[in-house]
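*Asks:* After the structure tokens below, expect a handful of questions from me.
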Amino acid sequence: MKLRTKLIILVSILVIILMVVTSRITLGYLERHLHDSIAAQQTATVVHVATDIDSTLRSMLELLTASARVVPPAALADPSGAKAFLESRTGLRTLFNNHLFVVDAAGNLLAEVTNQEVRRVENYSDHAFFNKARATRKPLISELTTCCTGTANLREIVFISPILGENGSFKGALLGGIDLSEENALSRFGRITVGNKGFIRIIDRNHMVLIHAEREHTLIKAVPEVARLADAAREGYVGTRETKGRYGDILLTSVTKLGSKDWVVAASYPLTVAYEPVKVVRRLFIISTVAAILGVLVVVSLSMQYLTRPILALERHINELSGKKGKERLVPVSNEDELSRLTETFNTMLAEIDRQTESLRESEDRFRGAFEQAAVGMAIIDREGLLIRTNRRFCDITGRHDDDLAGLDCLALVHTEDRNAAREIMTTMAATEGEPLTREFRFTHGTGRTVWANTAFSPVRGRSGTDDSFIMVVEDVTERKRAEEEILRLNSDLEQRVADRTAALENANRELEAFSYTVSHDLKAPARHISGIVDMVLEDWGGCMEPAHRELMERVAAAAGRMQSMIDGLLELSRVSSDELRRQKVRPADLAREICIELAAAEPARQVDWSVKDVPPANADPELLMTVLENLLGNAWKYTSRNERAEVEFGCEYCSGKDMYYVKDNGAGFDIREAQRLFAPFQRFHPASEFEGNGIGLATVARIIHRHGGTIRAESAPGRGATFYFSLD
């Protein structure tokens with residue numbers, strides 16, 4: 001298809017679309033405007049009719065109430081008197097079409113005036129409207145009912161007004177009925193028309209149609225869509241919506257609720273009749289649009305023929321370009337419009353193409369030289385894996401002549417055990433649109449030996465932009481692979497030796513722990529015996545001993561006590577090393593506060609400023625963590641005992657990506673240069689005469705922290721207190 005034809009079609013389509021859219025928007029606006037206008041007029045009509053109906057209902061009820069006020073008291077005791085009263089109310093009888101009757105306070109029928117052949121029921125005490133009027137002493141209008149006759153075929157609306165005594169007591173009621181099956185005071189509203197085809201109807205709370213222009217449509221259920229719209233009107237909605245009629249026709253229905261009764265007045269108008277003016281406008285728009293389109297096609301065709309004439313000349317020049325040389329290849333520039341700038345751009349592009357063609361020729365020469373002289377093996381293969389071209393180094397690595405390699409499947413050079421992997425690599429490379437891939441494969445040399453090579457596949461894009469061939473770069477890594485295999489063998493031997501040494505070390509640790517526990521347990525009994533014997537000697541003969549002898553015995557007792565304390569420390573150290581860890585979420589601050597309370601209760605006379613900060617919870621064994629805090633806080637308590645005002649703080653700092661808990665005091669402190677033996681068993685920096693202890697506590701703490709995968713360290717100086725930091729992984 002020619003460019004001119006395409007332009008004609010494109011411009012014509014755009015104009016047609018514009019005109020169609022404009023017409024559619026205009027028609028849509030007219031339809032919406034007409035719809036809104038009809039809806040507003042119809043809503044106003046419904047509101048006006050509802051006002052008239054409310055006025056009529058109130059007037060009927062007020063007239064009935066006025067008559068009820070003048071009912072003679074004797075008429076309520078004499079049915080004939082009641083009958084005479086009803087016959088005397090000529091205007092009321094006319095208003096209710098002779099459907100009047102009187103009942104006494106118990107609901108018994110006293111008298112009636114009616115045109116109907118059926119008799120009224122004799123008692124109304126079981127009917128809701130009567131009981132409501134008797135209870136409220138107010139007049140009201142009933143719902144649609146058959147209660148007032150002896151047959152279910154007669155349906156009517158009952159107006160009831162209480163007859164009250166002088167003291168306001170309920171003496172009876174005056175009732176008037178509207179028979180909906182005959183002409184009545186509300187029938188005239190059903191004859192009101194909306195436009196030339198619209199109609200009015202009244203719908204009660206049970207969706208029954210009370211009043212309708214067509215008698216056969218009264219006393220039946222309203223269609224579901226109208227019923228739902230009537231329910232919305234009872235909730236306060238006043239307006240117009242589209243509904244579906246009883247015979248499937250679409251109607252514009254307006255609704256409003258009566259003020260005197262929860263009935264709904266509905267007015268409907270056929271949508272097809274409402275939109276009849278739009279149909280005429282639509283036909284006029286179609287005729288005018290078709291005429292305009294034909295005119296546009298003629299104008300566009302002539303304009304495109306004039307505009308495309310220079311472009312056709314440029315096309316002819318380009319078609320003849322292959323037979324031109326030098327300046328003849330350039331397109332003549334005739335004027336200074338957009339086409340002339342396009343021609344100048346074409347001439348510039350043509351010169352650039354000639355320059356790039358020459359540059360490409362030189363680039364091909366350089367590539368050919370680099371390909372042949374490369375230090376690694378290089379080969380060009382097609383998409384089927386056949387070798388197209390190879391360089392000298394590739395021939396050396398594979399041990400074959402280039403004439404033997406031409407047209408050979410490259411997979412034939414790969415070791416048989418690596419061919420499937422190489423085939424998958426080539427398939428993957430083709431499927432991923434030329435993503436470079438590198439793998440190590442074994443090649444079979446022409447002499448039969450195996451050559452390890454690091455092989456890289458890269459795509460070569462053709463003129464169509466697809467990968468029509470690939471470059472395979474091969475680097476001989478046989479010597480490196482041999483070195484790697486030797487290293488792997490040595491590493492395997494080293495790992496086995498490490499595993500053997502680790503197993504031996506773990507076995508030695510278990511034996512050492514068992515030995516420590518056995519020795520500690522076996523030493524505990526002799527130490528206890530020594531202590532007991534010394535206590536007996538001091539108790540029995542201490543009074544008659546020489547002071548020097550008594551001092552010796554007391555020193556023996558103290559040494560036995562220290563020995564028991566050291567044995568207990570060894571047992572505790574053995575226990576924390578062997579017990580199973582039972583990690584759970586623990587709040588260290590709660591444990592620290594509990595320990596501080598116990599320490600303060602042990603020596604209430606001491607003045608200690610405790611500071612336990614809110615710290616993050618820890619995932620730890622609660623019993624072992626309690627042991628850690630008891631030792632660290634206990635040491636802080638002990639080494640601040642000589643301070644007039646001791647300070648002990650427990651808190652946490654975030655350091656190097658983890659929580660570091662700490663216990664800080666302002667006690668005696670120690671020389672940090674001796675810190676390397678701080679956490680070893682039985683190591684003390686202060687004599688027992690100065691601060692009591694056995695040197696096991698910090699060793700126990702360190703063992704627990706290490707079992708939790710954490711670290712512990714200390715900062716201190718003599719006389720300036722100490723701070724112990726620990727973490728729990």
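Residues in the structure tokens are named by chain (A, B, ... in the order shown) and by number from 1 within that chain; ligands are numbered from 1 in the order shown.
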When you look at Ser716 (chain A) with a cut-off of 12 Å (counting only C-alpha atoms), what residues show up, excluding the ones that are within fewer than 3 positions of it in the same chain? I need them as an MDAnalysis selection string.
*Replies:* chainID A and resid 663:675 678 713 719:725
*Asks:* Quick one: pick out all helix (DSSP H, G or I) residues within region 236-296 of chain A from a backbone DSSP run and write them as a list in words.
*Replies:* Leu271, Thr272, Val273, Ala274, Glu276, Pro277, Val278, Lys279, Val280, Val281, Arg282, Arg283, Leu284, Phe285, Ile286, Ile287, Ser288, Thr289, Val290, Ala291, Ala292, Ile293, Leu294, Gly295 and Val296 of chain A
*Asks:* Hey, can you spit out that residue selection with N, CA and C atoms as a PDB file, in the first residue's frame?
*Replies:*
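Contents of result.pdb, freshly written:
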```pdb
ATOM      1  N   LEU A 271     -39.801   4.870  28.915  1.00  0.00           N
ATOM      2  CA  LEU A 271     -38.540   5.461  28.493  1.00  0.00           C
ATOM      3  C   LEU A 271     -38.496   5.675  26.981  1.00  0.00           C
ATOM      4  N   THR A 272     -39.125   4.754  26.237  1.00  0.00           N
ATOM      5  CA  THR A 272     -39.102   4.891  24.769  1.00  0.00           C
ATOM      6  C   THR A 272     -39.842   6.144  24.319  1.00  0.00           C
ATOM      7  N   VAL A 273     -40.921   6.455  25.006  1.00  0.00           N
ATOM      8  CA  VAL A 273     -41.678   7.668  24.658  1.00  0.00           C
ATOM      9  C   VAL A 273     -40.882   8.913  25.038  1.00  0.00           C
ATOM     10  N   ALA A 274     -40.189   8.825  26.203  1.00  0.00           N
ATOM     11  CA  ALA A 274     -39.413   9.976  26.667  1.00  0.00           C
ATOM     12  C   ALA A 274     -38.279  10.312  25.706  1.00  0.00           C
ATOM     13  N   GLU A 276     -38.171   9.833  22.410  1.00  0.00           N
ATOM     14  CA  GLU A 276     -38.582   9.968  21.021  1.00  0.00           C
ATOM     15  C   GLU A 276     -37.930  11.181  20.346  1.00  0.00           C
ATOM     16  N   PRO A 277     -37.794  12.351  21.040  1.00  0.00           N
ATOM     17  CA  PRO A 277     -37.104  13.483  20.379  1.00  0.00           C
ATOM     18  C   PRO A 277     -35.645  13.184  20.060  1.00  0.00           C
ATOM     19  N   VAL A 278     -35.013  12.361  20.899  1.00  0.00           N
ATOM     20  CA  VAL A 278     -33.607  12.036  20.655  1.00  0.00           C
ATOM     21  C   VAL A 278     -33.448  11.217  19.386  1.00  0.00           C
ATOM     22  N   LYS A 279     -34.446  10.365  19.085  1.00  0.00           N
ATOM     23  CA  LYS A 279     -34.352   9.547  17.874  1.00  0.00           C
ATOM     24  C   LYS A 279     -34.330  10.427  16.630  1.00  0.00           C
ATOM     25  N   VAL A 280     -35.120  11.485  16.634  1.00  0.00           N
ATOM     26  CA  VAL A 280     -35.142  12.387  15.485  1.00  0.00           C
ATOM     27  C   VAL A 280     -33.790  13.081  15.337  1.00  0.00           C
ATOM     28  N   VAL A 281     -33.247  13.563  16.484  1.00  0.00           N
ATOM     29  CA  VAL A 281     -31.943  14.221  16.436  1.00  0.00           C
ATOM     30  C   VAL A 281     -30.866  13.249  15.973  1.00  0.00           C
ATOM     31  N   ARG A 282     -30.943  11.988  16.404  1.00  0.00           N
ATOM     32  CA  ARG A 282     -29.935  10.994  16.025  1.00  0.00           C
ATOM     33  C   ARG A 282     -29.932  10.774  14.522  1.00  0.00           C
ATOM     34  N   ARG A 283     -31.132  10.702  13.907  1.00  0.00           N
ATOM     35  CA  ARG A 283     -31.203  10.510  12.455  1.00  0.00           C
ATOM     36  C   ARG A 283     -30.578  11.700  11.712  1.00  0.00           C
ATOM     37  N   LEU A 284     -30.839  12.910  12.213  1.00  0.00           N
ATOM     38  CA  LEU A 284     -30.256  14.091  11.577  1.00  0.00           C
ATOM     39  C   LEU A 284     -28.736  14.088  11.709  1.00  0.00           C
ATOM     40  N   PHE A 285     -28.247  13.681  12.875  1.00  0.00           N
ATOM     41  CA  PHE A 285     -26.799  13.610  13.072  1.00  0.00           C
ATOM     42  C   PHE A 285     -26.157  12.599  12.138  1.00  0.00           C
ATOM     43  N   ILE A 286     -26.802  11.463  11.939  1.00  0.00           N
ATOM     44  CA  ILE A 286     -26.225  10.421  11.073  1.00  0.00           C
ATOM     45  C   ILE A 286     -26.123  10.930   9.635  1.00  0.00           C
ATOM     46  N   ILE A 287     -27.183  11.572   9.176  1.00  0.00           N
ATOM     47  CA  ILE A 287     -27.178  12.069   7.792  1.00  0.00           C
ATOM     48  C   ILE A 287     -26.083  13.116   7.609  1.00  0.00           C
ATOM     49  N   SER A 288     -25.996  14.058   8.577  1.00  0.00           N
ATOM     50  CA  SER A 288     -24.986  15.114   8.450  1.00  0.00           C
ATOM     51  C   SER A 288     -23.576  14.558   8.585  1.00  0.00           C
ATOM     52  N   THR A 289     -23.388  13.556   9.445  1.00  0.00           N
ATOM     53  CA  THR A 289     -22.064  12.969   9.634  1.00  0.00           C
ATOM     54  C   THR A 289     -21.587  12.247   8.379  1.00  0.00           C
ATOM     55  N   VAL A 290     -22.482  11.474   7.738  1.00  0.00           N
ATOM     56  CA  VAL A 290     -22.111  10.754   6.503  1.00  0.00           C
ATOM     57  C   VAL A 290     -21.724  11.748   5.415  1.00  0.00           C
ATOM     58  N   ALA A 291     -22.487  12.833   5.289  1.00  0.00           N
ATOM     59  CA  ALA A 291     -22.164  13.839   4.268  1.00  0.00           C
ATOM     60  C   ALA A 291     -20.811  14.491   4.541  1.00  0.00           C
ATOM     61  N   ALA A 292     -20.560  14.775   5.824  1.00  0.00           N
ATOM     62  CA  ALA A 292     -19.283  15.399   6.174  1.00  0.00           C
ATOM     63  C   ALA A 292     -18.116  14.456   5.904  1.00  0.00           C
ATOM     64  N   ILE A 293     -18.303  13.176   6.178  1.00  0.00           N
ATOM     65  CA  ILE A 293     -17.229  12.209   5.950  1.00  0.00           C
ATOM     66  C   ILE A 293     -16.884  12.116   4.472  1.00  0.00           C
ATOM     67  N   LEU A 294     -17.908  12.081   3.610  1.00  0.00           N
ATOM     68  CA  LEU A 294     -17.641  12.023   2.160  1.00  0.00           C
ATOM     69  C   LEU A 294     -16.869  13.252   1.700  1.00  0.00           C
ATOM     70  N   GLY A 295     -17.244  14.419   2.237  1.00  0.00           N
ATOM     71  CA  GLY A 295     -16.510  15.633   1.870  1.00  0.00           C
ATOM     72  C   GLY A 295     -15.075  15.597   2.349  1.00  0.00           C
ATOM     73  N   VAL A 296     -14.860  15.084   3.559  1.00  0.00           N
ATOM     74  CA  VAL A 296     -13.506  14.995   4.103  1.00  0.00           C
ATOM     75  C   VAL A 296     -12.645  14.065   3.264  1.00  0.00           C
TER      76      VAL A 296
END
```
*Asks:* Please indicate the distance in Å from CA of Ser187 (chain A) to CA of Thr56 (chain A), rounded to one decimal place.
*Replies:*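 Computed distance, CA of Ser187 (chain A) to CA of Thr56 (chain A), equals 11.4 Å.
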*Asks:* List every residue of region 181-405 of chain A that DSSP, applied to the backbone, labels as strand (DSSP E or B), and write the result as JSON, numbers by chain.
*Replies:* {"A": [193, 194, 198, 199, 200, 201, 202, 203, 208, 209, 210, 211, 212, 221, 239, 240, 241, 242, 243, 244, 250, 251, 252, 253, 254, 255, 256, 257, 264, 265, 266, 267, 268, 269, 270, 377, 378, 379, 380, 381, 382, 386, 387, 388, 389, 390]}
*Asks:* Have a look at A:Ala453, A:Ala39, A:Leu219, A:Ile318 and name the one nearest to Ser254 (chain A); count only C-alpha atoms.
*Replies:*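 For Ser254 (chain A), the nearest of the given residues is A:Ala39.
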*Asks:* Using CA of Arg703 (chain A) and CA of Leu625 (chain A) as the two end points, give the distance in Å to one decimal.
*Replies:*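 Computed distance, CA of Arg703 (chain A) to CA of Leu625 (chain A), equals 11.4 Å.
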*Asks:* Which residues are near region 581-584 of chain A? Cut-off 7 Å, only C-alpha atoms, ignore same chain within fewer than 3 positions. Put them as a ChimeraX atom specification.
*Replies:* /A:619-621
*Asks:* Excluding same-chain residues fewer than 6 positions from region 588-605 of chain A, what lies within 12 Å of it counting only C-alpha atoms, as a PyMOL selection string?
*Replies:* chain A and resi 611-638+641+644-652+660-663+727-728
*Asks:* Which residue is closest to Asn206 (chain A)? Choose from A:Thr145, A:Thr243, A:Ser37, A:Thr450 and count only C-alpha atoms.
*Replies:*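 Closest candidate: A:Thr145.
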*Asks:* With only C-alpha atoms as the atoms that count, which of A:Leu342, A:Leu252, A:Val300, A:Ile220 lies nearest to Gln41 (chain A)?
*Replies:*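 Of all the options, A:Leu252 lies closest to Gln41 (chain A).
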*Asks:* With only C-alpha atoms as the counted atoms, please give the residues lying no more than 8 Å from region 258-260 of chain A, apart from itself and same-chain residues fewer than 6 positions off, as a ChimeraX atom specification.
*Replies:* /A:50-51,53-54,57-58
*Asks:* Find the residues near region 390-407 of chain A: any atom within 6 Å, counting only C-alpha atoms, skip ones fewer than 4 places away on the same chain, and give them as a PyMOL selection string.
*Replies:* chain A and resi 372+376-379+386+445-446
*Asks:* Limited to N, CA, C and O atoms, could you put the picked residues into a file as an mmCIF file, in the first residue's frame?
*Replies:*
```cif
data_model
loop_
_atom_site.group_PDB
_atom_site.id
_atom_site.type_symbol
_atom_site.label_atom_id
_atom_site.label_comp_id
_atom_site.auth_asym_id
_atom_site.auth_seq_id
_atom_site.Cartn_x
_atom_site.Cartn_y
_atom_site.Cartn_z
ATOM 1 N N GLU A 372 43.739 -14.697 14.485
ATOM 2 C CA GLU A 372 44.767 -15.670 14.139
ATOM 3 C C GLU A 372 45.915 -15.654 15.142
ATOM 4 O O GLU A 372 46.505 -16.699 15.439
ATOM 5 N N VAL A 376 44.952 -17.593 23.056
ATOM 6 C CA VAL A 376 44.007 -18.642 23.448
ATOM 7 C C VAL A 376 43.367 -19.202 22.197
ATOM 8 O O VAL A 376 43.350 -18.559 21.138
ATOM 9 N N GLY A 377 42.823 -20.408 22.327
ATOM 10 C CA GLY A 377 42.153 -21.020 21.199
ATOM 11 C C GLY A 377 40.820 -20.361 20.926
ATOM 12 O O GLY A 377 40.048 -20.103 21.848
ATOM 13 N N MET A 378 40.532 -20.063 19.664
ATOM 14 C CA MET A 378 39.277 -19.425 19.288
ATOM 15 C C MET A 378 38.689 -20.153 18.097
ATOM 16 O O MET A 378 39.408 -20.572 17.187
ATOM 17 N N ALA A 379 37.333 -20.275 18.131
ATOM 18 C CA ALA A 379 36.649 -20.935 17.024
ATOM 19 C C ALA A 379 35.292 -20.288 16.842
ATOM 20 O O ALA A 379 34.650 -19.870 17.811
ATOM 21 N N LEU A 386 28.480 -26.574 14.408
ATOM 22 C CA LEU A 386 29.524 -26.953 13.457
ATOM 23 C C LEU A 386 30.589 -25.856 13.404
ATOM 24 O O LEU A 386 30.273 -24.659 13.411
ATOM 25 N N HIS A 445 42.556 -34.708 23.002
ATOM 26 C CA HIS A 445 43.609 -34.291 22.078
ATOM 27 C C HIS A 445 43.706 -35.282 20.931
ATOM 28 O O HIS A 445 43.272 -36.438 21.033
ATOM 29 N N GLY A 446 44.272 -34.804 19.836
ATOM 30 C CA GLY A 446 44.427 -35.685 18.680
ATOM 31 C C GLY A 446 45.255 -36.915 18.993
ATOM 32 O O GLY A 446 45.105 -37.967 18.347
#
```
*Asks:* Select, from A:Leu100, A:Thr428, A:Val298, A:Ala185, the residue with the minimum atom-to-atom distance to Val11 (chain A), counting only C-alpha atoms.
*Replies:*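 With only C-alpha atoms as the atom set, the closest residue is A:Val298.
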*Asks:* Work out how far apart CA of Leu76 (chain A) and CA of Asn167 (chain A) are and give it in Å to one decimal.
*Replies:*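 Straight-line distance from CA of Leu76 (chain A) to CA of Asn167 (chain A) works out to 16.2 Å.
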*Asks:* Could you pull the residues within 9 Å of region 543-559 of chain A, counting only C-alpha atoms, minus those fewer than 5 positions along the same chain, as a list in words?
*Replies:*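 Those residues are Ile530, Ser531, Gly532, Ile533, Val534, Asp535, Val537, Leu538 and Gln564 of chain A.
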